$ cat entry.txt   # compact mmCIF, C-alpha atoms
# COMPACT_ATOMS: atom_id res chain seq x y z
CA MET A 1 -15.64 68.99 -63.40
CA ALA A 2 -18.25 67.64 -61.04
CA TRP A 3 -20.51 64.95 -62.29
CA ASN A 4 -23.65 66.93 -61.58
CA GLU A 5 -22.46 70.25 -63.02
CA PRO A 6 -23.48 71.45 -66.48
CA GLY A 7 -21.34 69.80 -69.12
CA GLY A 8 -20.31 66.98 -66.77
CA GLY A 9 -21.91 64.34 -68.91
CA ASN A 10 -24.56 63.51 -66.35
CA ARG A 11 -22.36 60.73 -65.02
CA ASP A 12 -22.87 59.29 -61.57
CA PRO A 13 -19.97 58.37 -59.31
CA TRP A 14 -20.73 54.63 -59.72
CA GLY A 15 -19.83 54.65 -63.45
CA GLY A 16 -23.33 54.68 -64.83
CA LYS A 17 -24.89 57.15 -67.25
CA SER A 18 -28.11 58.93 -66.61
CA GLY A 19 -30.39 58.65 -69.55
CA GLY A 20 -32.65 61.44 -70.69
CA ASP A 21 -33.81 63.70 -67.99
CA GLN A 22 -33.26 61.17 -65.11
CA GLN A 23 -32.26 62.95 -61.93
CA GLY A 24 -31.68 61.83 -58.26
CA PRO A 25 -29.47 59.18 -56.53
CA PRO A 26 -28.90 55.75 -58.06
CA ASP A 27 -30.82 52.67 -57.04
CA LEU A 28 -29.47 50.89 -53.91
CA ASP A 29 -29.83 47.45 -55.48
CA GLU A 30 -27.76 48.59 -58.42
CA VAL A 31 -24.99 49.80 -56.10
CA VAL A 32 -24.87 46.47 -54.20
CA ARG A 33 -24.81 44.49 -57.47
CA LYS A 34 -21.92 46.48 -58.86
CA LEU A 35 -19.98 46.16 -55.63
CA GLN A 36 -20.39 42.39 -55.74
CA GLU A 37 -19.20 42.30 -59.32
CA ARG A 38 -16.05 44.24 -58.51
CA LEU A 39 -15.23 42.02 -55.54
CA GLY A 40 -15.75 39.06 -57.80
CA SER A 41 -13.31 40.49 -60.30
CA LEU A 42 -10.58 40.49 -57.66
CA PHE A 43 -10.75 36.71 -57.33
CA GLY A 44 -12.47 35.46 -60.45
CA GLY A 45 -11.00 37.68 -63.22
CA ASN A 46 -12.64 40.30 -65.44
CA LYS A 47 -14.62 38.32 -68.02
CA LYS A 48 -16.73 40.14 -70.62
CA PRO A 49 -19.84 38.54 -72.06
CA PRO A 50 -19.77 37.51 -75.75
CA ARG A 51 -20.67 40.06 -78.36
CA GLY A 52 -24.34 40.36 -78.84
CA GLU A 53 -25.16 39.34 -75.25
CA PRO A 54 -26.08 41.91 -72.66
CA ASP A 55 -23.43 42.92 -70.18
CA ASP A 56 -24.35 41.86 -66.63
CA GLN A 57 -22.67 44.93 -65.30
CA GLY A 58 -25.20 47.11 -67.11
CA GLY A 59 -22.75 49.78 -68.08
CA GLY A 60 -21.17 48.22 -71.14
CA SER A 61 -17.75 49.34 -69.95
CA GLY A 62 -16.94 46.13 -67.93
CA GLY A 63 -16.07 45.60 -64.24
CA GLY A 64 -12.92 46.40 -62.36
CA PHE A 65 -11.16 49.49 -61.51
CA PRO A 66 -10.09 51.72 -64.40
CA GLY A 67 -6.43 51.68 -65.29
CA LEU A 68 -5.57 48.25 -63.72
CA PRO A 69 -5.42 45.03 -65.66
CA GLY A 70 -7.61 42.39 -64.07
CA GLY A 71 -5.03 39.57 -64.05
CA GLY A 72 -2.25 41.51 -62.31
CA PHE A 73 -4.51 42.74 -59.61
CA ASN A 74 -5.74 39.22 -58.89
CA ARG A 75 -2.19 37.93 -58.32
CA LYS A 76 -1.42 40.71 -55.86
CA ALA A 77 -4.66 40.19 -53.98
CA ALA A 78 -4.03 36.46 -53.78
CA GLY A 79 -0.56 37.10 -52.36
CA VAL A 80 -1.92 39.47 -49.73
CA VAL A 81 -4.62 37.01 -48.74
CA ALA A 82 -2.10 34.18 -48.60
CA GLY A 83 0.17 36.26 -46.40
CA ILE A 84 -2.67 37.10 -44.06
CA LEU A 85 -3.67 33.46 -43.86
CA PHE A 86 -0.06 32.44 -43.17
CA VAL A 87 0.21 34.92 -40.33
CA ILE A 88 -3.08 33.67 -38.90
CA TRP A 89 -1.80 30.09 -39.19
CA LEU A 90 1.41 30.97 -37.35
CA GLY A 91 -0.56 32.81 -34.67
CA SER A 92 -2.69 29.74 -34.07
CA GLY A 93 0.40 28.10 -32.57
CA ILE A 94 0.41 30.45 -29.57
CA TYR A 95 -1.03 28.88 -26.42
CA ILE A 96 -0.98 29.53 -22.64
CA ILE A 97 -0.52 26.86 -19.96
CA GLN A 98 -2.17 27.64 -16.62
CA PRO A 99 -0.27 27.14 -13.30
CA ALA A 100 -2.20 23.94 -12.55
CA GLU A 101 -1.60 22.48 -16.04
CA ARG A 102 1.13 20.93 -18.12
CA GLY A 103 1.24 21.06 -21.91
CA VAL A 104 2.00 17.86 -23.83
CA ILE A 105 3.13 18.55 -27.43
CA LEU A 106 2.24 15.92 -30.01
CA ARG A 107 4.17 15.99 -33.32
CA PHE A 108 2.27 14.11 -35.99
CA GLY A 109 0.39 12.34 -33.16
CA ALA A 110 3.50 11.20 -31.27
CA TYR A 111 4.81 12.62 -27.99
CA ALA A 112 7.48 15.30 -28.57
CA TYR A 113 8.01 17.27 -25.35
CA MET A 114 6.19 18.82 -22.38
CA THR A 115 5.88 22.50 -21.48
CA GLU A 116 5.54 24.23 -18.12
CA PRO A 117 3.02 26.95 -17.14
CA GLY A 118 3.21 30.18 -19.13
CA PRO A 119 2.85 31.36 -22.75
CA HIS A 120 4.37 29.13 -25.46
CA TRP A 121 4.37 28.58 -29.20
CA HIS A 122 4.37 25.39 -31.23
CA ILE A 123 4.20 24.55 -34.91
CA PRO A 124 0.52 24.82 -35.72
CA TYR A 125 -1.75 22.08 -36.92
CA PRO A 126 -1.35 19.69 -38.68
CA PHE A 127 2.31 19.40 -37.68
CA GLU A 128 1.98 19.72 -33.90
CA ASN A 129 -0.86 19.68 -31.42
CA VAL A 130 -0.99 20.52 -27.70
CA VAL A 131 -2.88 18.61 -25.01
CA LYS A 132 -3.38 20.40 -21.69
CA VAL A 133 -3.41 18.19 -18.59
CA ASN A 134 -4.43 19.40 -15.10
CA VAL A 135 -1.84 18.00 -12.69
CA ASP A 136 -3.18 19.64 -9.50
CA GLU A 137 -6.68 18.20 -9.62
CA ILE A 138 -7.26 15.60 -6.87
CA SER A 139 -9.39 12.62 -7.80
CA SER A 140 -10.66 10.07 -5.29
CA PHE A 141 -12.62 6.84 -5.09
CA THR A 142 -13.90 4.61 -2.28
CA HIS A 143 -12.99 0.95 -2.00
CA LYS A 144 -15.06 -1.47 0.09
CA ALA A 145 -14.14 -5.09 0.70
CA THR A 146 -14.79 -8.05 3.02
CA MET A 147 -11.76 -10.25 3.60
CA LEU A 148 -9.97 -12.63 5.96
CA THR A 149 -7.26 -11.56 8.37
CA GLN A 150 -4.17 -13.52 9.34
CA ASP A 151 -5.95 -15.06 12.33
CA GLU A 152 -8.88 -16.13 10.08
CA ASN A 153 -11.36 -13.47 11.15
CA ILE A 154 -13.72 -11.77 8.71
CA VAL A 155 -13.56 -7.98 8.60
CA GLU A 156 -15.19 -5.32 6.47
CA LEU A 157 -13.03 -2.42 5.33
CA GLU A 158 -13.81 0.89 3.67
CA LEU A 159 -11.06 3.22 2.54
CA THR A 160 -10.79 6.30 0.34
CA VAL A 161 -7.86 6.68 -2.08
CA GLN A 162 -6.90 10.13 -3.37
CA SER A 163 -4.53 10.67 -6.28
CA ARG A 164 -3.34 13.25 -8.79
CA ILE A 165 -1.39 13.28 -12.06
CA GLN A 166 2.34 13.35 -11.42
CA ASP A 167 3.69 12.83 -14.96
CA ALA A 168 1.39 14.02 -17.76
CA ALA A 169 3.29 12.19 -20.50
CA ASP A 170 3.14 8.82 -18.74
CA TYR A 171 -0.51 9.43 -17.87
CA LEU A 172 -1.42 9.94 -21.55
CA PHE A 173 0.78 7.37 -23.31
CA GLN A 174 2.13 4.68 -20.94
CA ASP A 175 -1.12 3.23 -19.62
CA GLN A 176 -4.39 2.91 -21.49
CA ALA A 177 -6.59 3.24 -18.33
CA PRO A 178 -4.59 4.65 -15.40
CA GLU A 179 -7.65 5.02 -13.14
CA LYS A 180 -8.64 1.39 -13.59
CA THR A 181 -5.06 0.32 -12.94
CA LEU A 182 -5.13 2.32 -9.70
CA ARG A 183 -8.35 0.62 -8.57
CA ASP A 184 -7.02 -2.85 -9.34
CA ALA A 185 -3.73 -2.15 -7.58
CA THR A 186 -5.60 -0.85 -4.52
CA GLU A 187 -7.71 -3.98 -4.26
CA THR A 188 -4.64 -6.19 -4.62
CA GLU A 189 -2.60 -4.42 -1.96
CA VAL A 190 -5.52 -4.15 0.47
CA ARG A 191 -6.08 -7.90 0.42
CA LYS A 192 -2.36 -8.55 0.67
CA THR A 193 -1.91 -6.22 3.66
CA ILE A 194 -5.04 -7.30 5.56
CA GLY A 195 -4.26 -10.95 4.98
CA ALA A 196 -0.89 -10.49 6.69
CA SER A 197 -2.31 -8.62 9.74
CA LYS A 198 -4.26 -9.79 12.78
CA LEU A 199 -7.74 -8.55 13.63
CA ASP A 200 -6.81 -6.90 16.93
CA TYR A 201 -3.99 -5.01 15.26
CA ILE A 202 -6.29 -3.75 12.50
CA LEU A 203 -9.00 -2.63 14.93
CA THR A 204 -6.76 -0.86 17.46
CA GLU A 205 -3.39 0.76 17.10
CA GLY A 206 -2.55 -0.68 13.67
CA ARG A 207 -5.18 1.14 11.62
CA GLY A 208 -2.92 4.06 10.71
CA ALA A 209 0.03 1.77 9.99
CA VAL A 210 -2.11 -0.43 7.72
CA ALA A 211 -3.27 2.61 5.72
CA THR A 212 0.32 3.82 5.32
CA THR A 213 1.47 0.38 4.17
CA ILE A 214 -1.31 0.20 1.58
CA LYS A 215 -0.44 3.67 0.27
CA ASP A 216 3.25 2.83 -0.17
CA ARG A 217 2.57 -0.47 -1.89
CA VAL A 218 0.01 1.01 -4.29
CA GLN A 219 2.43 3.80 -5.20
CA ASN A 220 5.14 1.24 -5.98
CA LEU A 221 2.79 -0.49 -8.40
CA MET A 222 1.87 2.83 -10.02
CA ASN A 223 5.57 3.54 -10.58
CA GLN A 224 6.16 0.10 -12.07
CA TYR A 225 3.25 0.44 -14.49
CA LYS A 226 4.24 4.06 -15.34
CA THR A 227 0.70 5.34 -14.98
CA GLY A 228 1.87 8.87 -14.15
CA LEU A 229 -0.36 8.92 -11.02
CA GLU A 230 0.69 9.81 -7.49
CA VAL A 231 -1.25 8.44 -4.50
CA THR A 232 -1.59 11.39 -2.16
CA SER A 233 -3.47 9.73 0.71
CA VAL A 234 -5.26 6.58 1.83
CA ASN A 235 -7.87 7.15 4.54
CA MET A 236 -9.17 3.97 6.13
CA GLN A 237 -12.41 3.97 8.11
CA PRO A 238 -12.62 1.92 11.34
CA ALA A 239 -12.90 -1.74 10.49
CA LYS A 240 -16.06 -3.58 11.50
CA PRO A 241 -17.23 -7.18 11.51
CA PRO A 242 -20.03 -8.57 9.36
CA GLU A 243 -23.59 -8.09 10.57
CA GLN A 244 -23.99 -11.78 11.37
CA VAL A 245 -21.38 -11.69 14.14
CA LYS A 246 -21.70 -8.06 15.18
CA GLU A 247 -23.13 -8.79 18.66
CA SER A 248 -20.40 -11.27 19.57
CA PHE A 249 -17.84 -8.93 18.15
CA ASP A 250 -19.15 -6.05 20.25
CA ASP A 251 -18.97 -8.24 23.37
CA ALA A 252 -15.36 -9.08 22.58
CA ILE A 253 -14.53 -5.43 22.09
CA LYS A 254 -16.22 -4.52 25.37
CA ALA A 255 -14.26 -7.21 27.20
CA ARG A 256 -11.06 -5.91 25.65
CA GLU A 257 -11.91 -2.37 26.73
CA ASP A 258 -12.66 -3.56 30.28
CA LYS A 259 -9.33 -5.34 30.32
CA GLU A 260 -7.50 -2.21 29.23
CA ARG A 261 -9.41 -0.12 31.77
CA LEU A 262 -8.52 -2.47 34.65
CA GLU A 263 -4.90 -2.65 33.52
CA ASN A 264 -4.70 1.12 33.43
CA LYS A 265 -6.29 1.35 36.88
CA ALA A 266 -3.86 -1.19 38.31
CA GLU A 267 -0.94 0.57 36.71
CA ALA A 268 -2.08 3.89 38.16
CA TYR A 269 -2.39 2.31 41.63
CA ALA A 270 1.06 0.78 41.30
CA ASN A 271 2.49 4.10 40.24
CA GLU A 272 0.94 5.65 43.33
CA ILE A 273 1.71 3.04 45.99
CA VAL A 274 5.20 2.00 44.94
CA PRO A 275 6.75 5.45 45.40
CA GLN A 276 5.05 5.73 48.80
CA ALA A 277 6.40 2.34 49.87
CA ARG A 278 9.86 3.26 48.64
CA GLY A 279 9.71 6.55 50.53
CA GLU A 280 8.55 4.80 53.71
CA ALA A 281 11.33 2.24 53.38
CA ALA A 282 13.89 4.98 52.84
CA ARG A 283 12.56 6.85 55.90
CA MET A 284 12.71 3.75 58.10
CA GLU A 285 16.21 3.01 56.86
CA ALA A 286 17.28 6.56 57.67
CA ASP A 287 15.67 6.32 61.14
CA GLY A 288 17.47 3.04 61.78
CA LYS A 289 20.79 4.52 60.79
CA ALA A 290 20.17 7.54 63.00
CA TYR A 291 19.23 5.32 65.97
CA ARG A 292 22.32 3.20 65.39
CA ASP A 293 24.57 6.25 65.33
CA ARG A 294 22.88 7.66 68.42
CA VAL A 295 23.22 4.43 70.39
CA ILE A 296 26.82 4.02 69.36
CA ALA A 297 27.61 7.61 70.32
CA SER A 298 25.80 7.22 73.62
CA ALA A 299 27.62 4.00 74.41
CA GLU A 300 30.92 5.55 73.53
CA GLY A 301 30.12 8.55 75.77
CA GLU A 302 29.11 6.30 78.68
CA SER A 303 32.23 4.26 78.23
CA ALA A 304 34.43 7.36 78.20
CA ARG A 305 32.66 8.74 81.26
CA PHE A 306 33.01 5.46 83.09
CA LEU A 307 36.70 5.29 82.30
CA SER A 308 37.19 8.84 83.53
CA VAL A 309 35.32 8.07 86.75
CA LEU A 310 37.33 4.91 87.16
CA GLY A 311 40.52 6.89 86.93
CA GLU A 312 39.31 9.35 89.57
CA TYR A 313 38.10 6.49 91.74
CA ALA A 314 41.52 4.89 91.64
CA LYS A 315 43.02 8.14 92.85
CA ALA A 316 40.50 8.94 95.61
CA PRO A 317 38.03 6.12 96.26
CA GLU A 318 36.23 7.67 99.22
CA VAL A 319 35.72 11.06 97.65
CA THR A 320 34.65 9.60 94.34
CA ARG A 321 32.23 7.20 96.01
CA GLU A 322 30.66 10.03 97.98
CA ARG A 323 30.34 12.24 94.91
CA LEU A 324 28.67 9.49 92.92
CA TYR A 325 26.28 8.81 95.73
CA LEU A 326 25.26 12.45 96.02
CA GLU A 327 24.80 12.83 92.27
CA THR A 328 22.68 9.72 92.16
CA MET A 329 20.48 10.77 95.04
CA GLU A 330 20.05 14.20 93.55
CA LYS A 331 18.85 12.68 90.32
CA VAL A 332 16.55 10.23 92.06
CA LEU A 333 15.00 12.73 94.45
CA SER A 334 14.48 15.28 91.66
CA GLU A 335 12.13 12.85 89.90
CA THR A 336 9.94 11.99 92.92
CA ASN A 337 7.20 13.87 94.75
CA LYS A 338 8.40 12.83 98.18
CA VAL A 339 10.00 15.32 100.51
CA LEU A 340 12.62 14.21 103.00
CA LEU A 341 13.35 16.43 105.99
CA ASP A 342 16.41 16.15 108.09
CA VAL A 343 15.35 17.69 111.41
CA LYS A 344 17.84 17.67 114.18
CA GLU A 345 16.79 16.87 117.67
CA GLY A 346 15.44 19.94 119.41
CA GLY A 347 15.04 21.82 116.16
CA ASN A 348 11.96 23.53 114.74
CA SER A 349 9.76 21.04 112.91
CA LEU A 350 7.50 23.65 111.34
CA VAL A 351 8.44 23.85 107.70
CA TYR A 352 6.62 25.55 104.81
CA LEU A 353 6.20 23.19 101.87
CA PRO A 354 5.21 24.69 98.41
CA LEU A 355 2.85 21.88 97.46
CA ASP A 356 1.53 23.63 94.34
CA GLN A 357 5.03 23.88 92.90
CA LEU A 358 5.71 20.28 93.72
CA VAL A 359 2.52 19.15 91.96
CA ASN A 360 3.24 21.26 88.85
CA LYS A 361 6.77 19.96 88.74
CA GLN A 362 5.56 16.38 88.92
CA HIS A 363 2.99 16.99 86.18
CA ALA A 364 5.60 18.58 83.90
CA GLY A 365 7.94 15.66 84.44
CA SER A 366 5.21 13.17 83.46
CA GLU A 367 4.48 15.06 80.21
CA ALA A 368 8.15 15.25 79.30
CA LYS A 369 8.52 11.52 79.87
CA ALA A 370 5.49 10.75 77.70
CA ALA A 371 6.79 13.04 74.94
CA GLY A 372 10.15 11.31 75.02
CA GLN A 373 8.53 7.90 74.65
CA ALA A 374 6.43 9.13 71.72
CA ALA A 375 9.49 10.57 70.00
CA THR A 376 11.27 7.23 70.09
CA PRO A 377 11.41 5.87 66.47
CA PRO A 378 9.69 2.58 65.69
CA ALA A 379 12.96 1.16 64.60
CA ALA A 380 14.26 1.44 68.10
CA SER A 381 11.50 -0.72 69.55
CA GLU A 382 11.64 -3.14 66.60
CA GLN A 383 15.36 -3.65 66.94
CA GLY A 384 14.94 -4.55 70.59
CA GLN A 385 16.76 -1.81 72.40
CA ALA A 386 18.40 -3.15 75.51
CA PRO A 387 16.96 -1.54 78.68
CA LYS A 388 19.30 0.78 80.45
CA LYS A 389 20.36 -0.17 83.90
CA ASP A 390 18.84 1.99 86.56
CA THR A 391 21.35 4.49 87.85
CA ARG A 392 19.89 4.10 91.31
CA ASP A 393 20.87 0.41 91.31
CA SER A 394 24.34 1.35 90.23
CA ALA A 395 24.60 3.93 93.00
CA ARG A 396 23.28 1.47 95.51
CA GLU A 397 25.82 -1.14 94.47
CA ARG A 398 28.64 1.34 94.69
CA ARG A 399 27.50 2.49 98.11
CA GLU A 400 27.34 -1.07 99.39
CA ARG A 401 30.83 -1.69 98.14
$ encode --input "entry.txt" --output "structure tokens"
Amino acid sequence: MAWNEPGGGNRDPWGGKSGGDQQGPPDLDEVVRKLQERLGSLFGGNKKPPRGEPDDQGGGSGGGFPGLPGGGFNRKAAGVVAGILFVIWLGSGIYIIQPAERGVILRFGAYAYMTEPGPHWHIPYPFENVVKVNVDEISSFTHKATMLTQDENIVELELTVQSRIQDAADYLFQDQAPEKTLRDATETEVRKTIGASKLDYILTEGRGAVATTIKDRVQNLMNQYKTGLEVTSVNMQPAKPPEQVKESFDDAIKAREDKERLENKAEAYANEIVPQARGEAARMEADGKAYRDRVIASAEGESARFLSVLGEYAKAPEVTRERLYLETMEKVLSETNKVLLDVKEGGNSLVYLPLDQLVNKQHAGSEAKAAGQAATPPAASEQGQAPKKDTRDSARERRER
């Protein structure tokens, strides 16, 4: 039977009774109060006020849900709440390590193990705790110093050291102040390296080597101290002298640059002139060898020709002598511009002479002779070529004999 139907007892759904002719919905404050009382009964029990005192619940029938004993319901609710809290506690152990991080697990405050990137679970607090360390972050600092070199010169240096965390466990537990240890180690190794190097080496080609040496030595110290840091780079700025001696230092550098420039210029000139001299020497040597071979071949040919003529002369002296004389005269007269006429007595003395052809022939012979002299290699004149005996003298001597 509905609560608002006739005969329903005029009862409202919240457990109250409507007195008299009261009609309409219950008061909102009354509803909230009763709801609070019932929630309180779940955790604090269902206590009734002493007899004679008014019931705070206003209904006289007590709080709680009908049909359930208050104590049993409280135990079940406590178990449910405890289970929910236990699940929440277990879920608090889930954590995610980013790709640039490493997770360091502490068990009761002591180092237990380290986890890689990804989702993980650990025993929740207070048993274990996780510390996330970024191992990809690059940190840097600048170190400036004024120090003495091996050759007792003062130099000012400025270098930048970059590092990152290599071992998260060592970084957290092996060294109390890894960054300070890195700074101290850098200062130590810089002074050690610069003190063992000369100024010229530091200012010129040795700057990169000095930076590399400092980086390696600092990293060795970091490994010995187990700081968990890795020195990624050491960038050294160009060294400079103190302000008090800057002008003299600049003059020395300028003189050194002039020296290098002149040395480079001289080396370039030597690289240019030496190959030319070697080529000229090789050419002259080749010309000398060619002249030697030509003279030897010519001498051998003259000797063979002379021997052959000698053999013919021994067989027929008169004929050979006449032939040699004619050949010699033909050669001599072919190189002169004179014309000899053999006119018999009573003969015709009118003869046509082609003077233009004779002049052209003489001019051509002069040019050929000049060209032959120009073509003679210098080595021939330097070696003192023996002058050839005039063939006309030889012919004359043979004719006289």
$ closest_residue --input "entry.txt" --among "A:Ile253, A:Leu159, A:Ala270, A:Leu324" --to "A:Lys215" --atoms "all atoms listed in the file"
A:Leu159
$ atom_distance --input "entry.txt" --atom1 "atom CA of A:Gly91" --atom2 "atom CA of A:Val104"
18.6 Å
$ residues_around --input "entry.txt" --residues "A:Val231" --least-positions-apart "6" --cutoff "10 Å" --atoms "all atoms listed in the file" --output "list in words"
Ile138, Ser139, Ser140, Val161, Gln162, Ser163, Arg164, Ile165, Gln166, Leu182, Lys215, Asp216, Val218, Gln219, Asn220 and Met222 of chain A
$ closest_atom_pairs --input "entry.txt" --of "stretch 122-175 of chain A" --to "stretch 223-227 of chain A" --cutoff "8 Å" --atoms "only C-alpha atoms" --output "CSV"
residue,atom,partner,partner_atom,distance
A:Asp170,CA,A:Thr227,CA,5.7
A:Tyr171,CA,A:Thr227,CA,5.2
A:Gln174,CA,A:Lys226,CA,6.0
A:Asp175,CA,A:Thr227,CA,5.4
$ closest_residue --input "entry.txt" --among "A:Glu156, A:Tyr111, A:Ile97, A:Lys34" --to "A:Lys246" --atoms "all atoms listed in the file"
A:Glu156
$ residues_around --input "entry.txt" --residues "A:Thr204" --least-positions-apart "2" --cutoff "12 Å" --atoms "only C-alpha atoms" --output "list in words"
Ser197, Lys198, Leu199, Asp200, Tyr201, Ile202, Gly206, Arg207, Gly208, Ala209, Val210, Gln237, Pro238, Ala239, Lys240, Ile253, Arg256, Glu257 and Glu260 of chain A
$ closest_residue --input "entry.txt" --among "A:Glu137, A:Asp287, A:Glu116, A:Glu300" --to "A:Glu230" --atoms "all atoms listed in the file"
A:Glu137
